[in-house]
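Okay, run_27.txt now, which holds compact mmCIF, N, CA and C atoms:
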# COMPACT_ATOMS: atom_id res chain seq x y z
N MET A 926 56.56 105.86 25.00
CA MET A 926 55.92 105.36 23.82
C MET A 926 55.26 104.03 24.14
N PHE A 927 54.04 103.88 23.74
CA PHE A 927 53.29 102.65 23.98
C PHE A 927 53.12 101.89 22.68
N THR A 928 53.20 100.57 22.78
CA THR A 928 52.99 99.73 21.62
C THR A 928 51.72 98.93 21.83
N LEU A 929 50.86 98.92 20.87
CA LEU A 929 49.62 98.18 20.94
C LEU A 929 49.79 96.88 20.17
N LEU A 930 49.55 95.76 20.85
CA LEU A 930 49.67 94.46 20.22
C LEU A 930 48.28 93.89 20.00
N ILE A 931 47.95 93.62 18.77
CA ILE A 931 46.65 93.06 18.44
C ILE A 931 46.86 91.70 17.81
N THR A 932 46.14 90.70 18.32
CA THR A 932 46.22 89.38 17.72
C THR A 932 44.86 89.02 17.16
N LYS A 933 44.86 88.17 16.18
CA LYS A 933 43.60 87.76 15.58
C LYS A 933 43.52 86.25 15.63
N LYS A 934 42.34 85.72 15.96
CA LYS A 934 42.13 84.29 16.06
C LYS A 934 42.14 83.66 14.67
N ILE A 935 42.70 82.47 14.57
CA ILE A 935 42.66 81.70 13.34
C ILE A 935 41.37 80.89 13.37
N MET A 936 40.62 80.94 12.30
CA MET A 936 39.34 80.25 12.25
C MET A 936 39.52 78.85 11.68
N LYS A 937 38.85 77.88 12.28
CA LYS A 937 38.83 76.53 11.73
C LYS A 937 37.93 76.56 10.49
N PRO A 938 38.40 76.04 9.36
CA PRO A 938 37.61 76.15 8.14
C PRO A 938 36.28 75.40 8.20
N GLU A 939 36.23 74.25 8.87
CA GLU A 939 35.00 73.46 8.86
C GLU A 939 33.93 74.01 9.79
N SER A 940 34.31 74.67 10.90
CA SER A 940 33.30 75.10 11.85
C SER A 940 33.12 76.62 11.91
N GLY A 941 34.14 77.36 11.48
CA GLY A 941 34.05 78.80 11.57
C GLY A 941 34.31 79.33 12.97
N LYS A 942 34.69 78.45 13.90
CA LYS A 942 34.97 78.85 15.27
C LYS A 942 36.48 79.03 15.44
N PRO A 943 36.89 79.86 16.42
CA PRO A 943 38.32 80.04 16.64
C PRO A 943 39.01 78.74 17.01
N GLY A 944 40.21 78.54 16.50
CA GLY A 944 41.00 77.36 16.84
C GLY A 944 41.55 77.48 18.26
N PRO A 945 41.84 76.38 18.92
CA PRO A 945 42.31 76.41 20.29
C PRO A 945 43.73 76.96 20.41
N ASP A 946 43.91 77.95 21.27
CA ASP A 946 45.23 78.47 21.62
C ASP A 946 46.08 78.89 20.43
N ARG A 947 45.49 79.39 19.38
CA ARG A 947 46.27 79.79 18.22
C ARG A 947 45.96 81.23 17.87
N THR A 948 47.01 82.02 17.68
CA THR A 948 46.85 83.39 17.24
C THR A 948 47.90 83.68 16.18
N ASP A 949 47.71 84.76 15.47
CA ASP A 949 48.70 85.18 14.48
C ASP A 949 49.83 85.98 15.11
N GLY A 950 49.68 86.37 16.36
CA GLY A 950 50.64 87.24 17.04
C GLY A 950 51.90 86.51 17.46
N PRO A 951 52.84 87.25 18.04
CA PRO A 951 54.09 86.66 18.49
C PRO A 951 53.86 85.68 19.63
N ARG A 952 54.73 84.72 19.76
CA ARG A 952 54.64 83.69 20.79
C ARG A 952 55.77 83.89 21.79
N ILE A 953 55.59 83.36 22.98
CA ILE A 953 56.63 83.41 24.00
C ILE A 953 57.72 82.42 23.61
N ALA A 954 58.99 82.78 23.85
CA ALA A 954 60.10 81.89 23.52
C ALA A 954 59.91 80.55 24.19
N GLY A 955 60.04 79.47 23.45
CA GLY A 955 59.87 78.13 23.98
C GLY A 955 58.42 77.72 24.09
N ASP A 956 57.51 78.55 23.61
CA ASP A 956 56.09 78.29 23.71
C ASP A 956 55.68 77.16 22.77
N THR A 957 55.02 76.15 23.31
CA THR A 957 54.53 75.06 22.50
C THR A 957 53.08 74.79 22.86
N ASN A 958 52.23 74.81 21.85
CA ASN A 958 50.81 74.49 22.04
C ASN A 958 50.14 75.33 23.12
N GLY A 959 50.44 76.60 23.18
CA GLY A 959 49.78 77.48 24.13
C GLY A 959 50.36 77.46 25.53
N ALA A 960 51.42 76.72 25.76
CA ALA A 960 52.02 76.65 27.09
C ALA A 960 52.89 77.89 27.34
N VAL A 961 52.90 78.35 28.58
CA VAL A 961 53.74 79.48 28.98
C VAL A 961 54.58 79.07 30.17
N SER A 962 55.68 79.77 30.41
CA SER A 962 56.52 79.41 31.55
C SER A 962 55.87 79.89 32.85
N LEU A 963 56.14 79.18 33.92
CA LEU A 963 55.55 79.47 35.22
C LEU A 963 55.89 80.89 35.68
N ASP A 964 57.10 81.36 35.39
CA ASP A 964 57.49 82.70 35.85
C ASP A 964 56.77 83.81 35.09
N SER A 965 56.15 83.51 33.95
CA SER A 965 55.45 84.54 33.20
C SER A 965 53.99 84.70 33.62
N LEU A 966 53.47 83.80 34.46
CA LEU A 966 52.09 83.90 34.92
C LEU A 966 51.96 85.02 35.95
N PRO A 967 50.83 85.71 35.97
CA PRO A 967 50.62 86.74 36.99
C PRO A 967 50.22 86.08 38.32
N GLY A 968 50.28 86.84 39.40
CA GLY A 968 49.81 86.33 40.69
C GLY A 968 48.36 85.91 40.58
N GLY A 969 48.02 84.73 41.08
CA GLY A 969 46.67 84.20 40.97
C GLY A 969 46.46 83.36 39.73
N GLY A 970 47.38 83.42 38.77
CA GLY A 970 47.26 82.64 37.54
C GLY A 970 47.71 81.21 37.77
N GLY A 971 47.24 80.31 36.95
CA GLY A 971 47.63 78.93 37.09
C GLY A 971 47.23 78.09 35.91
N GLY A 972 47.47 76.79 36.03
CA GLY A 972 47.14 75.86 34.96
C GLY A 972 47.68 74.49 35.26
N THR A 973 47.92 73.72 34.21
CA THR A 973 48.41 72.36 34.32
C THR A 973 49.82 72.27 33.78
N VAL A 974 50.70 71.58 34.50
CA VAL A 974 52.09 71.44 34.10
C VAL A 974 52.19 70.56 32.85
N THR A 975 52.90 71.06 31.82
CA THR A 975 53.07 70.29 30.58
C THR A 975 54.49 69.80 30.38
N SER A 976 55.49 70.52 30.90
CA SER A 976 56.88 70.05 30.84
C SER A 976 57.67 70.67 31.97
N ILE A 977 58.78 69.99 32.33
CA ILE A 977 59.57 70.38 33.51
C ILE A 977 61.05 70.31 33.21
N GLY A 978 61.79 71.29 33.70
CA GLY A 978 63.23 71.18 33.83
C GLY A 978 64.13 71.51 32.68
N GLY A 979 63.61 71.72 31.51
CA GLY A 979 64.48 72.08 30.39
C GLY A 979 65.56 71.05 30.16
N ASP A 980 66.83 71.50 30.09
CA ASP A 980 67.96 70.61 29.81
C ASP A 980 68.61 70.05 31.06
N SER A 981 68.25 70.56 32.23
CA SER A 981 68.92 70.18 33.47
C SER A 981 68.22 69.00 34.15
N THR A 982 68.85 67.82 34.09
CA THR A 982 68.27 66.64 34.73
C THR A 982 68.20 66.78 36.25
N PRO A 983 69.24 67.29 36.95
CA PRO A 983 69.13 67.45 38.41
C PRO A 983 68.01 68.41 38.81
N LEU A 984 67.83 69.49 38.07
CA LEU A 984 66.76 70.43 38.37
C LEU A 984 65.40 69.78 38.14
N ARG A 985 65.27 69.06 37.05
CA ARG A 985 64.02 68.35 36.75
C ARG A 985 63.68 67.38 37.87
N GLN A 986 64.67 66.62 38.33
CA GLN A 986 64.44 65.65 39.40
C GLN A 986 64.03 66.36 40.69
N ARG A 987 64.70 67.47 41.02
CA ARG A 987 64.38 68.20 42.24
C ARG A 987 62.94 68.74 42.20
N LEU A 988 62.55 69.32 41.07
CA LEU A 988 61.19 69.85 40.94
C LEU A 988 60.15 68.74 41.06
N MET A 989 60.45 67.58 40.49
CA MET A 989 59.51 66.46 40.59
C MET A 989 59.43 65.94 42.03
N GLU A 990 60.53 65.95 42.76
CA GLU A 990 60.52 65.55 44.17
C GLU A 990 59.71 66.51 45.01
N LEU A 991 59.65 67.77 44.60
CA LEU A 991 58.85 68.77 45.31
C LEU A 991 57.36 68.68 44.97
N GLY A 992 56.99 67.81 44.04
CA GLY A 992 55.59 67.61 43.70
C GLY A 992 55.15 68.25 42.41
N ILE A 993 56.07 68.88 41.70
CA ILE A 993 55.73 69.49 40.41
C ILE A 993 55.95 68.42 39.34
N THR A 994 54.87 67.76 38.96
CA THR A 994 54.94 66.69 37.97
C THR A 994 54.03 67.04 36.79
N ILE A 995 54.29 66.44 35.65
CA ILE A 995 53.48 66.68 34.47
C ILE A 995 52.05 66.26 34.76
N GLY A 996 51.12 67.15 34.46
CA GLY A 996 49.71 66.89 34.69
C GLY A 996 49.17 67.45 36.00
N SER A 997 50.05 67.89 36.90
CA SER A 997 49.57 68.44 38.17
C SER A 997 49.11 69.88 37.99
N ASP A 998 48.10 70.26 38.76
CA ASP A 998 47.60 71.63 38.73
C ASP A 998 48.47 72.51 39.61
N ILE A 999 48.74 73.72 39.14
CA ILE A 999 49.65 74.62 39.85
C ILE A 999 49.09 76.03 39.75
N ARG A 1000 49.32 76.84 40.80
CA ARG A 1000 48.82 78.22 40.82
C ARG A 1000 49.88 79.12 41.43
N VAL A 1001 50.07 80.30 40.85
CA VAL A 1001 50.99 81.29 41.39
C VAL A 1001 50.25 82.05 42.48
N VAL A 1002 50.75 81.97 43.72
CA VAL A 1002 50.12 82.66 44.85
C VAL A 1002 50.55 84.12 44.85
N ARG A 1003 51.85 84.35 44.79
CA ARG A 1003 52.36 85.72 44.71
C ARG A 1003 53.80 85.71 44.22
N LYS A 1004 54.23 86.88 43.77
CA LYS A 1004 55.58 87.04 43.24
C LYS A 1004 56.30 88.12 44.03
N ALA A 1005 57.54 87.85 44.41
CA ALA A 1005 58.34 88.86 45.10
C ALA A 1005 58.80 89.90 44.08
N PRO A 1006 58.94 91.15 44.51
CA PRO A 1006 59.38 92.19 43.57
C PRO A 1006 60.86 92.07 43.22
N PHE A 1007 61.23 92.74 42.14
CA PHE A 1007 62.64 92.85 41.72
C PHE A 1007 63.28 91.50 41.41
N GLY A 1008 62.52 90.58 40.84
CA GLY A 1008 63.10 89.31 40.41
C GLY A 1008 63.30 88.30 41.52
N GLY A 1009 62.63 88.48 42.65
CA GLY A 1009 62.74 87.55 43.76
C GLY A 1009 61.97 86.27 43.49
N PRO A 1010 61.84 85.41 44.51
CA PRO A 1010 61.18 84.12 44.32
C PRO A 1010 59.69 84.23 44.06
N ILE A 1011 59.13 83.13 43.56
CA ILE A 1011 57.71 83.02 43.26
C ILE A 1011 57.11 81.99 44.19
N GLU A 1012 56.01 82.35 44.89
CA GLU A 1012 55.32 81.40 45.75
C GLU A 1012 54.23 80.73 44.93
N ILE A 1013 54.22 79.39 44.94
CA ILE A 1013 53.23 78.64 44.18
C ILE A 1013 52.46 77.69 45.09
N ALA A 1014 51.28 77.30 44.64
CA ALA A 1014 50.48 76.28 45.33
C ALA A 1014 50.39 75.07 44.41
N VAL A 1015 50.81 73.92 44.93
CA VAL A 1015 50.77 72.68 44.16
C VAL A 1015 50.51 71.52 45.11
N ARG A 1016 49.60 70.64 44.75
CA ARG A 1016 49.27 69.44 45.54
C ARG A 1016 48.92 69.74 46.99
N GLY A 1017 48.22 70.86 47.21
CA GLY A 1017 47.73 71.18 48.55
C GLY A 1017 48.72 71.86 49.48
N TYR A 1018 49.88 72.23 49.00
CA TYR A 1018 50.83 72.98 49.83
C TYR A 1018 51.47 74.08 49.01
N ARG A 1019 52.19 74.95 49.69
CA ARG A 1019 52.85 76.08 49.02
C ARG A 1019 54.36 75.93 49.11
N LEU A 1020 55.03 76.39 48.07
CA LEU A 1020 56.48 76.42 48.09
C LEU A 1020 56.96 77.59 47.25
N SER A 1021 58.20 77.99 47.46
CA SER A 1021 58.79 79.10 46.72
C SER A 1021 59.87 78.57 45.80
N LEU A 1022 59.91 79.13 44.59
CA LEU A 1022 60.91 78.76 43.60
C LEU A 1022 61.64 80.01 43.14
N ARG A 1023 62.91 79.85 42.80
CA ARG A 1023 63.64 80.93 42.16
C ARG A 1023 63.02 81.16 40.78
N ARG A 1024 63.13 82.37 40.28
CA ARG A 1024 62.56 82.67 38.96
C ARG A 1024 63.20 81.80 37.87
N ALA A 1025 64.50 81.56 37.98
CA ALA A 1025 65.19 80.73 36.98
C ALA A 1025 64.63 79.30 36.99
N GLU A 1026 64.29 78.78 38.16
CA GLU A 1026 63.69 77.45 38.25
C GLU A 1026 62.27 77.46 37.68
N ALA A 1027 61.51 78.49 38.03
CA ALA A 1027 60.12 78.60 37.54
C ALA A 1027 60.08 78.76 36.02
N ARG A 1028 61.12 79.34 35.45
CA ARG A 1028 61.18 79.56 34.00
C ARG A 1028 61.24 78.23 33.23
N THR A 1029 61.70 77.16 33.89
CA THR A 1029 61.83 75.87 33.21
C THR A 1029 60.56 75.03 33.27
N VAL A 1030 59.54 75.49 34.02
CA VAL A 1030 58.27 74.77 34.14
C VAL A 1030 57.27 75.40 33.18
N MET A 1031 56.78 74.59 32.24
CA MET A 1031 55.82 75.09 31.25
C MET A 1031 54.41 74.71 31.68
N ILE A 1032 53.49 75.67 31.56
CA ILE A 1032 52.12 75.53 32.04
C ILE A 1032 51.14 75.74 30.90
N ASP A 1033 50.11 74.89 30.84
CA ASP A 1033 48.99 75.09 29.92
C ASP A 1033 47.90 75.79 30.73
N THR A 1034 47.61 77.03 30.39
CA THR A 1034 46.64 77.81 31.15
C THR A 1034 45.20 77.52 30.74
N GLY A 1035 45.02 76.80 29.64
CA GLY A 1035 43.68 76.46 29.20
C GLY A 1035 42.95 77.59 28.52
N VAL A 1036 43.67 78.65 28.18
CA VAL A 1036 43.05 79.81 27.52
C VAL A 1036 43.15 79.66 26.03

File written out as structure tokens:
Amino acid sequence: MFTLLITKKIMKPESGKPGPDRTDGPRIAGDTNGAVSLDSLPGGGGGTVTSIGGDSTPLRQRLMELGITIGSDIRVVRKAPFGGPIEIAVRGYRLSLRRAEARTVMIDTGV
């Protein structure tokens, strides 16, 4: 059985143009202002980091030491199958993160 999900853009009343990053459809858990978690991006997808680390201060510090800081551009290079690590490109180098770690990094894709 297939489910078809249709979203409709919210129009700004003064301009009649679609509002930025707003739809009537369901949102991703923890989604704020159009941001999505790093683990939900497809291979080749990317954007700008908007938040890091969730509730875990040691994880947040580790990710920041690896170069994942708020405002940095990040891109998913590839994803391992069956829930394996995610290879990302950030600040001119590549690194791999566990999916649980990538889930705590929120990205603004600019869409």

Counting only N, CA and C atoms, closest pick from A:Val974, A:Met989, A:Ala1014, A:Leu966 relative to Asp1033 of chain A is A:Val974

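Those residues that approach segment 1028-1032 of chain A to within 6 Å, counting only N, CA and C atoms, are Gly959, Ala960, Val961, Ser962, Leu963, Asp964, Gly972, Thr973, Val974, Thr975, Ser976, Ile977, Gly978, Gly979, Arg1023, Arg1024 and Ala1025 of chain A; same-chain residues fewer than 3 positions away are not listed.
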
If I take atom C of Asp980 of chain A and atom CA of Gly996 of chain A, how far is one from the other in Å, to one decimal?
19.5 Å

From atom N of Leu988 of chain A to atom N of Gly969 of chain A the spacing works out at 21.2 Å

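Interatomic distance, atom C of Val1015 of chain A to atom CA of Leu991 of chain A: 8.8 Å.
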
Excluding Val1001 of chain A and any residue of its chain fewer than 2 positions from it, enumerate the residues within 8 Å of it, using only C-alpha atoms, and give them as a list in words.
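Selected residues are Leu963, Leu966, Pro967, Gly968, Gly969, Gly970, Gly971, Ile999, Arg1003, Lys1004, Ile1011, Glu1012, Ile1013 and Ala1014 of chain A.
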